[in-house]
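Raw contents of data-v5.cif, mmCIF, C-alpha atoms:
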data_final
loop_
_atom_site.label_atom_id
_atom_site.label_comp_id
_atom_site.auth_asym_id
_atom_site.auth_seq_id
_atom_site.Cartn_x
_atom_site.Cartn_y
_atom_site.Cartn_z
CA MET A 1 21.41 -8.32 -37.40
CA PRO A 2 19.93 -10.69 -40.02
CA ALA A 3 16.99 -9.39 -42.00
CA SER A 4 14.58 -11.87 -40.42
CA SER A 5 15.65 -10.87 -36.91
CA ALA A 6 15.28 -7.19 -37.73
CA THR A 7 11.81 -7.83 -39.10
CA ASN A 8 10.77 -9.74 -35.99
CA ALA A 9 12.14 -7.01 -33.74
CA ALA A 10 10.24 -4.37 -35.69
CA MET A 11 7.06 -6.39 -35.43
CA ALA A 12 7.53 -6.85 -31.68
CA GLN A 13 7.83 -3.11 -31.04
CA PRO A 14 4.53 -1.21 -31.33
CA SER A 15 4.53 2.11 -33.13
CA ALA A 16 4.39 5.38 -31.23
CA GLU A 17 0.77 5.85 -32.28
CA GLU A 18 -0.15 2.35 -31.08
CA THR A 19 1.64 2.90 -27.78
CA ALA A 20 -0.20 6.19 -27.26
CA ARG A 21 -3.52 4.51 -28.06
CA ILE A 22 -2.92 1.72 -25.56
CA GLU A 23 -1.79 4.14 -22.85
CA ALA A 24 -4.93 6.22 -23.38
CA ALA A 25 -7.09 3.10 -23.16
CA VAL A 26 -5.34 2.03 -19.94
CA GLY A 27 -6.02 5.45 -18.43
CA ALA A 28 -9.66 5.32 -19.51
CA LEU A 29 -10.13 1.87 -17.97
CA ARG A 30 -8.66 3.06 -14.69
CA GLN A 31 -11.18 5.90 -14.60
CA SER A 32 -13.98 3.46 -15.43
CA ARG A 33 -12.86 1.24 -12.56
CA GLU A 34 -13.16 4.13 -10.12
CA GLN A 35 -16.65 4.90 -11.42
CA LEU A 36 -17.65 1.24 -11.13
CA LEU A 37 -16.45 1.11 -7.53
CA GLU A 38 -18.46 4.24 -6.77
CA GLN A 39 -21.65 2.79 -8.26
CA ILE A 40 -21.23 -0.61 -6.62
CA GLY A 41 -20.47 1.11 -3.31
CA ARG A 42 -23.96 2.63 -3.35
CA ALA A 43 -25.45 -0.82 -2.78
CA ILE A 44 -22.60 -2.80 -1.20
CA VAL A 45 -21.04 -1.84 2.12
CA GLY A 46 -17.45 -3.02 2.50
CA GLN A 47 -16.20 -6.17 0.71
CA GLU A 48 -13.59 -4.11 -1.15
CA THR A 49 -11.31 -7.10 -1.72
CA VAL A 50 -14.17 -9.19 -3.09
CA ILE A 51 -15.27 -6.43 -5.48
CA ASP A 52 -11.70 -5.87 -6.72
CA GLN A 53 -11.25 -9.58 -7.41
CA VAL A 54 -14.55 -9.84 -9.28
CA LEU A 55 -13.64 -6.87 -11.50
CA VAL A 56 -10.18 -8.29 -12.20
CA ALA A 57 -11.68 -11.64 -13.18
CA PHE A 58 -14.32 -9.99 -15.36
CA PHE A 59 -11.85 -7.98 -17.44
CA ALA A 60 -9.58 -11.03 -17.62
CA GLN A 61 -12.54 -13.00 -19.04
CA GLY A 62 -12.63 -15.39 -16.09
CA HIS A 63 -15.44 -16.81 -13.99
CA CYS A 64 -15.75 -16.49 -10.21
CA LEU A 65 -16.88 -18.78 -7.43
CA LEU A 66 -18.04 -16.80 -4.39
CA ILE A 67 -17.78 -18.90 -1.22
CA GLY A 68 -19.46 -17.80 1.95
CA ALA A 69 -22.31 -18.30 4.36
CA PRO A 70 -25.83 -17.21 3.35
CA GLY A 71 -26.80 -13.57 3.80
CA LEU A 72 -23.45 -11.94 3.04
CA GLY A 73 -24.60 -10.03 -0.06
CA LYS A 74 -23.19 -12.32 -2.75
CA THR A 75 -26.38 -12.19 -4.84
CA LEU A 76 -26.72 -8.43 -4.37
CA LEU A 77 -23.15 -7.93 -5.58
CA VAL A 78 -23.83 -9.84 -8.80
CA ARG A 79 -27.03 -7.91 -9.52
CA THR A 80 -25.35 -4.57 -8.80
CA LEU A 81 -22.39 -5.41 -11.06
CA ALA A 82 -24.73 -6.21 -13.97
CA GLN A 83 -26.51 -2.88 -13.52
CA ALA A 84 -23.25 -0.91 -13.37
CA LEU A 85 -22.01 -2.62 -16.54
CA ASP A 86 -25.36 -2.25 -18.35
CA LEU A 87 -25.44 -5.96 -19.18
CA GLN A 88 -28.19 -8.54 -19.25
CA SER A 89 -28.15 -10.86 -16.27
CA LYS A 90 -30.10 -13.97 -15.34
CA ARG A 91 -30.27 -16.06 -12.22
CA ILE A 92 -30.50 -19.82 -11.77
CA GLN A 93 -31.42 -21.09 -8.35
CA PHE A 94 -29.65 -24.44 -8.13
CA THR A 95 -31.74 -27.09 -6.38
CA PRO A 96 -31.42 -30.88 -6.06
CA ASP A 97 -34.07 -31.45 -8.76
CA LEU A 98 -32.59 -29.04 -11.34
CA MET A 99 -31.91 -30.71 -14.70
CA PRO A 100 -29.18 -29.83 -17.28
CA ALA A 101 -31.82 -28.72 -19.80
CA ASP A 102 -33.08 -26.20 -17.24
CA ILE A 103 -29.74 -24.44 -17.68
CA THR A 104 -28.84 -24.83 -21.35
CA GLY A 105 -32.29 -25.03 -22.93
CA THR A 106 -34.23 -27.68 -24.77
CA ASP A 107 -35.87 -28.46 -28.12
CA ILE A 108 -39.60 -27.77 -28.26
CA LEU A 109 -41.90 -29.42 -30.81
CA GLU A 110 -44.12 -26.78 -32.37
CA GLU A 111 -46.56 -26.70 -35.29
CA ASP A 112 -46.40 -24.24 -38.18
CA GLY A 113 -49.78 -22.50 -38.37
CA GLU A 114 -49.61 -22.10 -42.15
CA THR A 115 -48.31 -25.46 -43.30
CA GLY A 116 -49.37 -27.61 -40.38
CA ARG A 117 -45.93 -29.21 -40.32
CA ARG A 118 -44.21 -29.85 -37.03
CA ARG A 119 -40.63 -29.01 -36.29
CA PHE A 120 -38.29 -28.68 -33.34
CA ARG A 121 -37.26 -25.23 -32.15
CA PHE A 122 -34.48 -24.71 -29.62
CA ASN A 123 -35.71 -22.75 -26.63
CA GLN A 124 -32.70 -21.01 -25.06
CA GLY A 125 -32.10 -21.55 -21.37
CA PRO A 126 -31.01 -18.91 -18.85
CA VAL A 127 -27.34 -19.53 -19.68
CA PHE A 128 -27.86 -17.31 -22.74
CA THR A 129 -27.07 -14.02 -21.04
CA ASN A 130 -24.09 -11.77 -20.26
CA ILE A 131 -23.80 -12.34 -16.51
CA LEU A 132 -25.14 -15.60 -15.17
CA LEU A 133 -25.72 -15.90 -11.44
CA ALA A 134 -25.50 -19.56 -10.49
CA ASP A 135 -26.93 -19.26 -7.00
CA GLU A 136 -25.96 -21.96 -4.50
CA ILE A 137 -24.33 -24.02 -7.23
CA ASN A 138 -23.38 -26.79 -4.82
CA ARG A 139 -27.00 -27.58 -3.97
CA THR A 140 -27.46 -29.50 -7.23
CA PRO A 141 -25.89 -32.87 -8.13
CA PRO A 142 -22.67 -32.99 -10.20
CA LYS A 143 -24.57 -34.07 -13.35
CA THR A 144 -26.39 -30.75 -13.47
CA GLN A 145 -23.32 -28.75 -12.42
CA ALA A 146 -21.51 -30.25 -15.42
CA ALA A 147 -24.02 -28.61 -17.76
CA LEU A 148 -22.03 -25.39 -17.30
CA LEU A 149 -18.68 -26.87 -18.35
CA GLU A 150 -18.90 -26.18 -22.08
CA ALA A 151 -20.51 -22.80 -21.54
CA MET A 152 -17.76 -21.66 -19.18
CA GLN A 153 -14.84 -22.92 -21.26
CA GLU A 154 -16.00 -22.57 -24.88
CA ARG A 155 -18.71 -19.93 -24.35
CA ARG A 156 -21.17 -21.99 -26.34
CA VAL A 157 -23.84 -24.63 -25.81
CA THR A 158 -24.36 -27.87 -27.71
CA ALA A 159 -27.87 -29.35 -27.71
CA ALA A 160 -29.26 -32.10 -29.94
CA GLY A 161 -26.16 -31.96 -32.12
CA ALA A 162 -26.39 -28.21 -32.78
CA THR A 163 -24.02 -25.61 -31.33
CA TYR A 164 -25.17 -22.17 -30.19
CA ASP A 165 -22.82 -19.31 -29.30
CA LEU A 166 -23.40 -17.45 -26.06
CA PRO A 167 -23.62 -13.64 -25.92
CA SER A 168 -20.42 -11.64 -25.42
CA PRO A 169 -19.22 -10.77 -22.90
CA PHE A 170 -20.14 -13.81 -20.83
CA LEU A 171 -19.40 -14.28 -17.14
CA VAL A 172 -20.49 -16.90 -14.62
CA LEU A 173 -20.63 -15.76 -11.02
CA ALA A 174 -21.50 -18.73 -8.86
CA THR A 175 -22.26 -18.62 -5.17
CA GLN A 176 -21.48 -21.56 -2.92
CA ASN A 177 -22.40 -22.30 0.64
CA PRO A 178 -19.74 -24.00 2.74
CA ILE A 179 -19.46 -27.66 1.80
CA GLU A 180 -20.15 -28.71 5.39
CA LEU A 181 -23.71 -27.36 5.34
CA GLU A 182 -26.53 -29.89 5.01
CA GLY A 183 -27.86 -30.62 1.53
CA THR A 184 -24.78 -29.62 -0.48
CA TYR A 185 -22.66 -31.50 -3.02
CA PRO A 186 -18.93 -31.02 -3.63
CA LEU A 187 -18.18 -29.50 -7.02
CA PRO A 188 -16.40 -31.82 -9.47
CA GLU A 189 -12.71 -31.08 -9.98
CA ALA A 190 -13.23 -30.21 -13.66
CA GLN A 191 -15.95 -27.75 -12.69
CA LEU A 192 -13.76 -26.09 -10.07
CA ASP A 193 -10.90 -25.68 -12.54
CA ARG A 194 -13.15 -23.67 -14.87
CA PHE A 195 -13.43 -20.93 -12.27
CA MET A 196 -10.61 -18.41 -12.53
CA PHE A 197 -11.08 -17.28 -8.91
CA ALA A 198 -12.48 -18.84 -5.78
CA ILE A 199 -13.29 -15.77 -3.68
CA GLN A 200 -13.83 -16.07 0.04
CA VAL A 201 -16.64 -13.78 1.21
CA ASP A 202 -16.23 -13.08 4.93
CA TYR A 203 -18.53 -11.55 7.49
CA PRO A 204 -18.65 -7.73 7.65
CA THR A 205 -16.57 -5.87 10.22
CA ALA A 206 -18.00 -4.40 13.41
CA GLU A 207 -17.98 -0.95 11.75
CA GLU A 208 -19.63 -2.13 8.51
CA GLU A 209 -22.46 -4.20 9.98
CA PRO A 210 -24.46 -1.29 11.45
CA GLN A 211 -24.22 0.50 8.09
CA ILE A 212 -25.57 -2.59 6.34
CA LEU A 213 -28.47 -2.87 8.76
CA MET A 214 -29.41 0.80 8.37
CA SER A 215 -29.08 0.94 4.57
CA THR A 216 -31.16 -2.21 4.01
CA THR A 217 -34.02 -1.36 6.37
CA ASP A 218 -34.76 2.31 5.59
CA GLY A 219 -36.97 1.60 2.55
CA ARG A 220 -34.88 3.62 0.10
CA THR A 221 -34.23 2.35 -3.42
CA VAL A 222 -30.63 2.60 -4.60
CA ARG A 223 -30.26 3.61 -8.24
CA ILE A 224 -27.18 2.24 -10.02
CA GLU A 225 -26.01 4.23 -13.06
CA PRO A 226 -24.39 2.24 -15.90
CA VAL A 227 -20.70 3.01 -16.44
CA LEU A 228 -19.79 0.81 -19.42
CA ASP A 229 -21.63 -1.09 -22.15
CA ALA A 230 -20.95 -4.43 -23.84
CA LYS A 231 -18.93 -2.92 -26.70
CA ALA A 232 -16.57 -1.03 -24.39
CA ILE A 233 -16.18 -4.06 -22.13
CA LEU A 234 -15.13 -6.28 -25.04
CA GLN A 235 -12.55 -3.68 -26.08
CA TYR A 236 -11.12 -3.51 -22.57
CA GLN A 237 -11.01 -7.30 -22.30
CA GLN A 238 -9.00 -7.38 -25.53
CA LEU A 239 -6.74 -4.64 -24.16
CA VAL A 240 -5.92 -6.77 -21.12
CA ARG A 241 -4.79 -9.62 -23.38
CA GLN A 242 -2.52 -7.25 -25.34
CA ILE A 243 -0.54 -6.18 -22.28
CA PRO A 244 2.96 -7.71 -22.54
CA VAL A 245 4.44 -9.88 -19.80
CA SER A 246 8.19 -10.35 -19.29
CA SER A 247 9.73 -13.82 -19.20
CA HIS A 248 10.69 -13.20 -15.55
CA VAL A 249 7.07 -12.68 -14.50
CA ALA A 250 5.83 -15.61 -16.59
CA GLY A 251 8.54 -17.81 -15.11
CA TYR A 252 7.57 -16.78 -11.60
CA ALA A 253 3.92 -17.71 -12.25
CA ALA A 254 5.02 -21.07 -13.66
CA ARG A 255 7.22 -21.82 -10.63
CA LEU A 256 4.40 -20.96 -8.24
CA THR A 257 2.11 -23.37 -10.07
CA ARG A 258 4.69 -26.16 -10.27
CA ALA A 259 5.54 -25.75 -6.58
CA THR A 260 2.06 -27.01 -5.69
CA ARG A 261 2.59 -30.40 -7.38
CA PRO A 262 3.80 -33.18 -5.08
CA GLY A 263 7.02 -34.68 -6.39
CA ALA A 264 7.91 -31.75 -8.68
CA PRO A 265 11.50 -30.44 -8.29
CA GLU A 266 10.16 -26.96 -7.48
CA ALA A 267 7.80 -28.21 -4.75
CA PRO A 268 8.75 -27.99 -1.08
CA GLY A 269 8.73 -31.27 0.82
CA GLU A 270 5.49 -30.42 2.61
CA MET A 271 3.52 -30.73 -0.64
CA ALA A 272 3.95 -34.51 -0.65
CA ARG A 273 2.69 -34.64 2.95
CA TRP A 274 -0.30 -32.35 2.38
CA LEU A 275 -1.56 -32.76 -1.19
CA ARG A 276 -2.90 -35.52 -3.41
CA TRP A 277 -2.27 -33.34 -6.47
CA GLY A 278 -1.68 -29.69 -7.25
CA ALA A 279 -2.62 -27.07 -9.79
CA GLY A 280 -2.44 -27.60 -13.55
CA PRO A 281 -1.31 -25.25 -16.33
CA ARG A 282 -4.65 -23.43 -16.35
CA ALA A 283 -3.71 -22.03 -12.93
CA GLY A 284 -0.60 -20.41 -14.44
CA GLN A 285 -2.69 -18.94 -17.24
CA CYS A 286 -5.13 -17.50 -14.72
CA LEU A 287 -2.27 -16.04 -12.66
CA LEU A 288 -0.91 -14.18 -15.68
CA MET A 289 -4.32 -12.96 -16.86
CA ALA A 290 -5.18 -11.76 -13.36
CA ALA A 291 -1.84 -9.95 -13.13
CA LYS A 292 -2.46 -8.28 -16.49
CA ALA A 293 -5.95 -7.16 -15.50
CA GLN A 294 -4.69 -5.89 -12.15
CA ALA A 295 -1.99 -3.83 -13.85
CA VAL A 296 -4.38 -2.31 -16.39
CA LEU A 297 -7.10 -1.54 -13.84
CA SER A 298 -4.43 0.21 -11.76
CA GLY A 299 -3.45 2.34 -14.76
CA ARG A 300 -0.15 0.56 -15.43
CA PHE A 301 1.23 -0.85 -18.66
CA THR A 302 3.71 -3.23 -17.01
CA VAL A 303 3.05 -6.43 -15.08
CA SER A 304 5.13 -7.26 -12.00
CA CYS A 305 5.60 -10.30 -9.78
CA ASP A 306 3.65 -8.41 -7.12
CA ASP A 307 0.60 -8.56 -9.40
CA VAL A 308 1.01 -12.33 -9.72
CA ARG A 309 1.49 -12.82 -5.99
CA ALA A 310 -1.56 -10.68 -5.17
CA TYR A 311 -3.89 -13.19 -6.84
CA ALA A 312 -2.22 -16.46 -5.89
CA LEU A 313 -4.81 -17.22 -3.20
CA PRO A 314 -8.00 -16.85 -5.29
CA VAL A 315 -6.38 -18.66 -8.24
CA LEU A 316 -4.87 -21.60 -6.36
CA ARG A 317 -7.04 -22.24 -3.29
CA HIS A 318 -9.65 -24.29 -5.18
CA ARG A 319 -7.13 -26.12 -7.37
CA LEU A 320 -5.25 -27.87 -4.55
CA PHE A 321 -6.62 -31.16 -3.27
CA ARG A 322 -5.51 -32.11 0.21
CA ASN A 323 -4.88 -35.61 1.46
CA PHE A 324 -6.19 -37.08 4.70
CA ALA A 325 -3.14 -36.02 6.68
CA ALA A 326 -3.60 -32.35 5.83
CA VAL A 327 -7.33 -32.44 6.55
CA SER A 328 -6.84 -34.17 9.89
CA ASP A 329 -4.11 -31.69 10.89
CA GLY A 330 -6.28 -28.70 10.00
CA ILE A 331 -4.03 -27.56 7.13
CA SER A 332 -6.20 -25.44 4.81
CA THR A 333 -5.47 -24.78 1.15
CA ASP A 334 -4.95 -21.10 1.98
CA MET A 335 -2.20 -22.09 4.42
CA ILE A 336 -0.59 -24.24 1.72
CA VAL A 337 -0.65 -21.38 -0.82
CA GLU A 338 0.92 -19.03 1.73
CA HIS A 339 3.64 -21.63 2.33
CA VAL A 340 4.31 -21.85 -1.42
CA LEU A 341 4.55 -18.06 -1.69
CA LYS A 342 7.22 -18.04 1.03
CA HIS A 343 9.09 -20.93 -0.57
CA VAL A 344 9.23 -19.66 -4.19
CA ALA A 345 11.50 -16.65 -4.48
CA GLU A 346 11.01 -13.90 -7.06
CA PRO A 347 13.40 -14.03 -10.01
CA ASP A 348 16.78 -12.33 -9.70
CA TYR A 349 16.64 -9.58 -12.31
CA ARG A 350 20.40 -9.17 -12.21
#
Represent the supplied structure as structure tokens.
Amino acid sequence: MPASSATNAAMAQPSAEETARIEAAVGALRQSREQLLEQIGRAIVGQETVIDQVLVAFFAQGHCLLIGAPGLGKTLLVRTLAQALDLQSKRIQFTPDLMPADITGTDILEEDGETGRRRFRFNQGPVFTNILLADEINRTPPKTQAALLEAMQERRVTAAGATYDLPSPFLVLATQNPIELEGTYPLPEAQLDRFMFAIQVDYPTAEEEPQILMSTTDGRTVRIEPVLDAKAILQYQQLVRQIPVSSHVAGYAARLTRATRPGAPEAPGEMARWLRWGAGPRAGQCLLMAAKAQAVLSGRFTVSCDDVRAYALPVLRHRLFRNFAAVSDGISTDMIVEHVLKHVAEPDYR
């Protein structure tokens, strides 16, 4: 083996001490996940899938769009998560008259009491927090929705030519009423693509609903104990990024993404009949990051195609744009993703 190849191979293989450290961190994060689920379960009845997806997105440093009818506990989930993680949280109630400066902040002209000179001071908006609840995000026009674009992607805000970094960690959890309801606006495509997951929040089951009614009408106050702090969360988020992914798994995620694009060689023929366009490369990135976070939160050090497939729906459902034929035939984006999952086979490891 040439010297350069040997050096690269040595660099690629972590030391025994490093491997032991990572394995210990993975085990600790799994225990923290169980504690988080216990604390969140004190306030939230059911919605296990929703909670799991939110935690996966959070440790993968992704934002979530929670879609569901009013009154399903979306806001309560966000508030409970912030308490369990011991993080600062703020809420923005999106309304038709909300302005971009109401989100990011604005310059205020103030006078120095000693010198009498006037100067502008930037007054930070509610986006400067750890967990931002964008409540009913589709009730404000696209111009105001776009104020979150830079914050979600770059984790910073630019105002009057100056750039301000947002606190770390930073997570946007947006709630959205169904588009068909009166007084709502469709989210711009660029805004949708910034959300790692679009999570469907369904009605509670017949067994869960009586528990919800009893627990929310008995007058008791639920106390949520913090499990992690900001420093530990940042370390775990970095741990997720360090988890290796094989070329087989990465290739599978890429083929799933490409199979949603009409006209691509990997796409089944139905894509051209159902879609105007499919998912971009960011969808593949989100698939891999979600698979990594899922593996680590489950106490595993290896990522499988099952991990990728498990999060195909929340990653892809809001990145596929149907044409008129699909809408008129009642073909939903979830049905299209399920079709893609059946069409794209896992890699042959042999």
Output check: residues returned by the PyMOL selection byres ((chain A and resi 162) around 12), as a ChimeraX atom specification
/A:105-107,120-122,156-161,163-165
How would you write, as a ChimeraX atom specification, the residues chosen by the PyMOL selection byres ((chain A and resi 153) around 12) on this structure?
/A:61-63,146-152,154-157,165-166,170-172,190-196,282
Using the chain letters and numbers from the file, give me the residues hit by the PyMOL selection byres ((chain A and resi 41-54) around 7), as a PyMOL selection string.
chain A and resi 37-40+55-58+64+77+199+201+208+212+222
Name all residues at most 7 Å from range 90-103 of chain A (count all atoms listed in the file; drop same-chain ones fewer than 5 positions away) and give them as a CSV table (one decimal) with C-alpha atoms, in the frame of the given file.
chain,number,residue,atom,x,y,z
A,125,GLY,CA,-32.1,-21.6,-21.4
A,126,PRO,CA,-31.0,-18.9,-18.8
A,127,VAL,CA,-27.3,-19.5,-19.7
A,129,THR,CA,-27.1,-14.0,-21.0
A,131,ILE,CA,-23.8,-12.3,-16.5
A,132,LEU,CA,-25.1,-15.6,-15.2
A,133,LEU,CA,-25.7,-15.9,-11.4
A,134,ALA,CA,-25.5,-19.6,-10.5
A,135,ASP,CA,-26.9,-19.3,-7.0
A,136,GLU,CA,-26.0,-22.0,-4.5
A,137,ILE,CA,-24.3,-24.0,-7.2
A,139,ARG,CA,-27.0,-27.6,-4.0
A,140,THR,CA,-27.5,-29.5,-7.2
A,141,PRO,CA,-25.9,-32.9,-8.1
A,144,THR,CA,-26.4,-30.8,-13.5
A,147,ALA,CA,-24.0,-28.6,-17.8
Figure out the distance between CA of Tyr311 in chain A and CA of Ala230 in chain A, please, to one decimal in Å.
25.6 Å
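Each of A:Ala20, A:Pro186, A:Thr175, A:Asn123 was checked against Lys143 in chain A using all atoms listed in the file; the smallest atom-to-atom distance is that of A:Pro186.
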Find the distance between CA of Glu346 in chain A and CA of Asp307 in chain A and write it in Å to one decimal.
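One can read the CA of Glu346 in chain A to CA of Asp307 in chain A distance as 11.9 Å.
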Taking 4 positions as the minimum chain separation for residues in the same chain, which residues sit within 8 Å of Leu287 in chain A when counting all atoms listed in the file? Answer as a ChimeraX atom specification.
/A:253,283,291,308,311-312,315
Suppose we keep C-alpha atoms; can you now write the selection as a PDB file, keeping the file's coordinate frame?
ATOM      1  CA  ALA A 253       3.920 -17.710 -12.250  1.00  0.00           C
ATOM      2  CA  ALA A 283      -3.710 -22.030 -12.930  1.00  0.00           C
ATOM      3  CA  ALA A 291      -1.840  -9.950 -13.130  1.00  0.00           C
ATOM      4  CA  VAL A 308       1.010 -12.330  -9.720  1.00  0.00           C
ATOM      5  CA  TYR A 311      -3.890 -13.190  -6.840  1.00  0.00           C
ATOM      6  CA  ALA A 312      -2.220 -16.460  -5.890  1.00  0.00           C
ATOM      7  CA  VAL A 315      -6.380 -18.660  -8.240  1.00  0.00           C
TER       8      VAL A 315
END
8 Å contact set for range 321-326 of chain A, only C-alpha atoms, chain neighbours under 5 positions out, as an NGL selection string
:A and (273-278 or 331-333)
Minimum-distance residue to Gly299 in chain A, chosen among A:Glu34, A:Glu209, A:Asp329, A:Asp218 (using all atoms listed in the file)
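Among the listed residues, A:Glu34 lies closest to Gly299 in chain A.
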Suppose you want the space between CA of Val249 in chain A and CA of Cys305 in chain A; what is it in Å?
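These two atoms are separated by 5.5 Å.
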Which residue gives the smallest distance to Ala293 in chain A among A:Tyr252, A:Ala60, A:Val337, A:Ala279, with all atoms listed in the file counted?
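Of all the options, A:Ala60 lies closest to Ala293 in chain A.
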Using all atoms listed in the file, the best pick from A:Pro70, A:Pro268, A:Pro244, A:Pro142 as closest to Leu187 in chain A would be A:Pro142
